[in-house]
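**Q** Would you mind keeping the following structure in view while I ask a few things?
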Amino acid sequence: MSHIEGTFTGAGGLSLYYQSWQPEGELRSIIAIVHGLGGHSGLFNNAVESLLPLGYAIYAFDLRGHGRSPGQRGHINSWGEFREDLYKFLTRIQERGPSCACFLWGHSLGAIITLDYALHFPNSLEGIILTAPALGKVKLPRHKLALGRMLSQVWPNFSLKVGIEKGVSSRDPNVIITQEQDPLRHKYGSARLATEFFATEKWVESHAHDLQVPLLILHGSGDKVTPPEGSLKFFQKVTFLDKERYEYQGNYHDLQLDIDYQNVLTDLETWLEKHLDSRINHQQAECRIKIPNLQQ
């Protein structure tokens, strides 16, 4: 395995941090990951360790205002910044491997960024994976949501702690301790981010019938941050036939870090293999290129 770190230029010329993990043998496909609010690109190690031996290259970047990327914590000026950042990231990856299948994985807030992107650029992706997508009602304090909406126009940078309860991300106590001590994580969201998120989430839900890429949704029944009812409702609205959804009994928000994450990753791997096999059968295309550093 080789691990690469670097930066790429996002919307407005902002230099954003990324990292990638490359398999030792033949590269079969790319998986690009978009993390959630307050997270960063280093929270998917279980998935990396599971997918690399299967020939998948993993790419992830820190959203603006998150992790090692610059910007006010948890703030954007407009949703278009998220979309353009992701577009530039994926474009740079895919330019170096045009025949290589690319799957996009979005977690929580990152799932909304992923859906928005897939609805705008459906032909650029082999499929999308959503874990604990922030669809429907999210469990945030109502007074903070109301305050965010009120201040978005007059004080868009106004920031508050989001107010997510401690211990709701995983049932593994060691994961909770690690997250609380993680200097790259934060718990903030700005007034403008709140209004941009809710507007985009509403738009995404209203365009569920327009989605035209293979879809996999993975959600925990015990998710207290983004309740699974929202993703079920969205799934039922999607008319594209190539769709699957799995709900794991008792699992919390960060499925890839919960106590039985292996079950989740097994379902993910099965879905990926099925869609790679289908791609080869229909297009007779294989991916044998090595993706270099994005900074080259």
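As shown in the structure tokens, the chain order sets the letters A, B, ...; within each chain, residues go from 1, and ligands are also counted from 1 in the order they appear.
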Set the distance at 12 Å and use only C-alpha atoms: which residues neighbour Asp172 of chain A once local chain neighbours fewer than 3 positions away are removed? I'd like the list as JSON, numbers by chain.
**A** {"A": [167, 168, 169, 175, 176, 177, 178, 179, 251, 252, 253, 254, 255, 256, 257, 258, 259, 260, 261]}
**Q** Write down as a PyMOL selection string the residues belonging to segment 18-267 of chain A that are assigned strand (DSSP E or B) by DSSP computed on the backbone.
**A** chain A and resi 18-22+29-34+56-61+102-107+127-131+159-161+188-190+215-220+243-248
**Q** What does the file look like for those residues with N, CA and C atoms, as a CSV table (one decimal), in the first residue's frame?
**A**
```csv
chain,number,residue,atom,x,y,z
A,18,TYR,N,-6.0,16.7,0.6
A,18,TYR,CA,-6.5,15.4,0.2
A,18,TYR,C,-5.5,14.3,0.6
A,19,GLN,N,-6.0,13.0,0.7
A,19,GLN,CA,-5.1,11.9,0.8
A,19,GLN,C,-5.6,10.7,0.0
A,20,SER,N,-4.8,9.8,-0.4
A,20,SER,CA,-5.2,8.7,-1.1
A,20,SER,C,-4.4,7.5,-0.7
A,21,TRP,N,-5.0,6.3,-0.9
A,21,TRP,CA,-4.4,5.0,-0.6
A,21,TRP,C,-4.4,4.2,-1.9
A,22,GLN,N,-3.3,3.7,-2.3
A,22,GLN,CA,-3.2,2.9,-3.6
A,22,GLN,C,-2.9,1.5,-3.3
A,29,SER,N,-10.6,0.0,-9.6
A,29,SER,CA,-11.6,1.0,-9.5
A,29,SER,C,-11.1,2.1,-8.5
A,30,ILE,N,-11.8,3.2,-8.6
A,30,ILE,CA,-11.5,4.3,-7.7
A,30,ILE,C,-12.8,4.5,-6.8
A,31,ILE,N,-12.5,4.8,-5.5
A,31,ILE,CA,-13.6,5.2,-4.6
A,31,ILE,C,-13.2,6.5,-4.0
A,32,ALA,N,-14.0,7.5,-4.2
A,32,ALA,CA,-13.8,8.9,-3.7
A,32,ALA,C,-14.8,9.1,-2.5
A,33,ILE,N,-14.3,9.5,-1.4
A,33,ILE,CA,-15.1,9.7,-0.2
A,33,ILE,C,-15.3,11.1,0.2
A,34,VAL,N,-16.5,11.5,0.6
A,34,VAL,CA,-16.8,12.8,1.1
A,34,VAL,C,-17.4,12.6,2.5
A,56,TYR,N,-9.0,-1.6,-5.0
A,56,TYR,CA,-9.6,-0.3,-5.0
A,56,TYR,C,-8.7,0.7,-4.5
A,57,ALA,N,-8.6,1.8,-5.3
A,57,ALA,CA,-7.8,3.0,-4.8
A,57,ALA,C,-8.8,3.9,-4.1
A,58,ILE,N,-8.4,4.4,-2.9
A,58,ILE,CA,-9.3,5.3,-2.1
A,58,ILE,C,-8.8,6.7,-2.1
A,59,TYR,N,-9.7,7.6,-2.5
A,59,TYR,CA,-9.3,9.1,-2.4
A,59,TYR,C,-10.3,9.8,-1.5
A,60,ALA,N,-9.8,10.7,-0.7
A,60,ALA,CA,-10.7,11.4,0.2
A,60,ALA,C,-10.1,12.8,0.4
A,61,PHE,N,-10.9,13.8,0.6
A,61,PHE,CA,-10.4,15.2,0.9
A,61,PHE,C,-11.1,15.8,2.0
A,102,CYS,N,-15.4,5.0,-11.4
A,102,CYS,CA,-15.3,5.9,-10.2
A,102,CYS,C,-16.6,5.8,-9.4
A,103,PHE,N,-16.5,5.4,-8.2
A,103,PHE,CA,-17.7,5.4,-7.3
A,103,PHE,C,-17.5,6.5,-6.3
A,104,LEU,N,-18.6,7.2,-6.0
A,104,LEU,CA,-18.5,8.3,-5.0
A,104,LEU,C,-19.3,7.9,-3.7
A,105,TRP,N,-18.6,8.0,-2.6
A,105,TRP,CA,-19.2,7.6,-1.3
A,105,TRP,C,-19.3,8.9,-0.4
A,106,GLY,N,-20.6,9.2,-0.1
A,106,GLY,CA,-20.8,10.3,0.8
A,106,GLY,C,-21.4,9.9,2.1
A,107,HIS,N,-20.9,10.5,3.2
A,107,HIS,CA,-21.3,10.1,4.6
A,107,HIS,C,-22.0,11.3,5.2
A,127,GLY,N,-21.4,4.9,-9.8
A,127,GLY,CA,-22.4,4.6,-8.8
A,127,GLY,C,-22.1,5.5,-7.6
A,128,ILE,N,-23.1,5.6,-6.7
A,128,ILE,CA,-22.9,6.4,-5.5
A,128,ILE,C,-23.3,5.5,-4.3
A,129,ILE,N,-22.6,5.7,-3.2
A,129,ILE,CA,-22.8,5.1,-1.9
A,129,ILE,C,-23.1,6.1,-0.9
A,130,LEU,N,-24.2,6.0,-0.2
A,130,LEU,CA,-24.6,6.9,0.9
A,130,LEU,C,-24.7,6.2,2.2
A,131,THR,N,-23.9,6.6,3.2
A,131,THR,CA,-24.0,6.1,4.5
A,131,THR,C,-24.5,7.1,5.5
A,159,SER,N,-21.4,31.5,14.0
A,159,SER,CA,-21.2,30.1,14.2
A,159,SER,C,-21.6,29.6,15.6
A,160,LEU,N,-22.2,28.4,15.7
A,160,LEU,CA,-22.6,27.8,17.0
A,160,LEU,C,-22.1,26.3,17.0
A,161,LYS,N,-22.0,25.8,18.2
A,161,LYS,CA,-21.8,24.3,18.3
A,161,LYS,C,-23.1,23.7,17.8
A,188,TYR,N,-18.8,22.6,14.9
A,188,TYR,CA,-19.4,23.9,14.6
A,188,TYR,C,-20.1,23.9,13.2
A,189,GLY,N,-21.1,24.8,13.1
A,189,GLY,CA,-21.7,25.1,11.8
A,189,GLY,C,-22.2,26.5,11.8
A,190,SER,N,-22.0,27.2,10.7
A,190,SER,CA,-22.4,28.6,10.5
A,190,SER,C,-23.8,28.7,10.1
A,215,LEU,N,-27.4,3.2,-7.1
A,215,LEU,CA,-27.5,3.8,-5.7
A,215,LEU,C,-27.4,2.7,-4.7
A,216,LEU,N,-26.6,2.9,-3.7
A,216,LEU,CA,-26.5,2.1,-2.5
A,216,LEU,C,-26.7,2.9,-1.2
A,217,ILE,N,-27.6,2.7,-0.4
A,217,ILE,CA,-27.8,3.4,0.9
A,217,ILE,C,-27.6,2.4,2.0
A,218,LEU,N,-26.8,2.8,3.0
A,218,LEU,CA,-26.5,2.0,4.2
A,218,LEU,C,-26.8,2.9,5.4
A,219,HIS,N,-27.7,2.4,6.3
A,219,HIS,CA,-28.1,3.2,7.4
A,219,HIS,C,-28.3,2.4,8.6
A,220,GLY,N,-28.1,2.9,9.8
A,220,GLY,CA,-28.3,2.2,11.0
A,220,GLY,C,-29.7,2.6,11.6
A,243,LYS,N,-31.0,0.2,-7.6
A,243,LYS,CA,-30.9,0.8,-6.3
A,243,LYS,C,-31.0,-0.3,-5.2
A,244,GLU,N,-30.3,-0.1,-4.1
A,244,GLU,CA,-30.3,-1.0,-3.0
A,244,GLU,C,-30.2,-0.2,-1.7
A,245,ARG,N,-30.9,-0.7,-0.6
A,245,ARG,CA,-30.8,0.0,0.7
A,245,ARG,C,-30.8,-1.1,1.8
A,246,TYR,N,-29.8,-0.9,2.7
A,246,TYR,CA,-29.7,-1.9,3.8
A,246,TYR,C,-29.8,-1.0,5.1
A,247,GLU,N,-30.6,-1.6,6.1
A,247,GLU,CA,-30.7,-0.9,7.4
A,247,GLU,C,-30.2,-1.9,8.4
A,248,TYR,N,-29.3,-1.5,9.2
A,248,TYR,CA,-28.6,-2.4,10.2
A,248,TYR,C,-29.2,-2.1,11.6
```
**Q** Return the single residue from A:Asp267, A:Glu126, A:Asp116, A:Glu205 that is closest to Ser50 of chain A, with distances computed using only C-alpha atoms.
**A**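 Ranked by minimum distance to Ser50 of chain A, first place goes to A:Asp267.
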**Q** Using only C-alpha atoms, pick whichever of A:Val225, A:Ala101, A:Ala11, A:Val238 has the shortest atom-to-atom distance to Lys166 of chain A.
**A**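 Among the listed residues, the smallest separation from Lys166 of chain A belongs to A:Val225.
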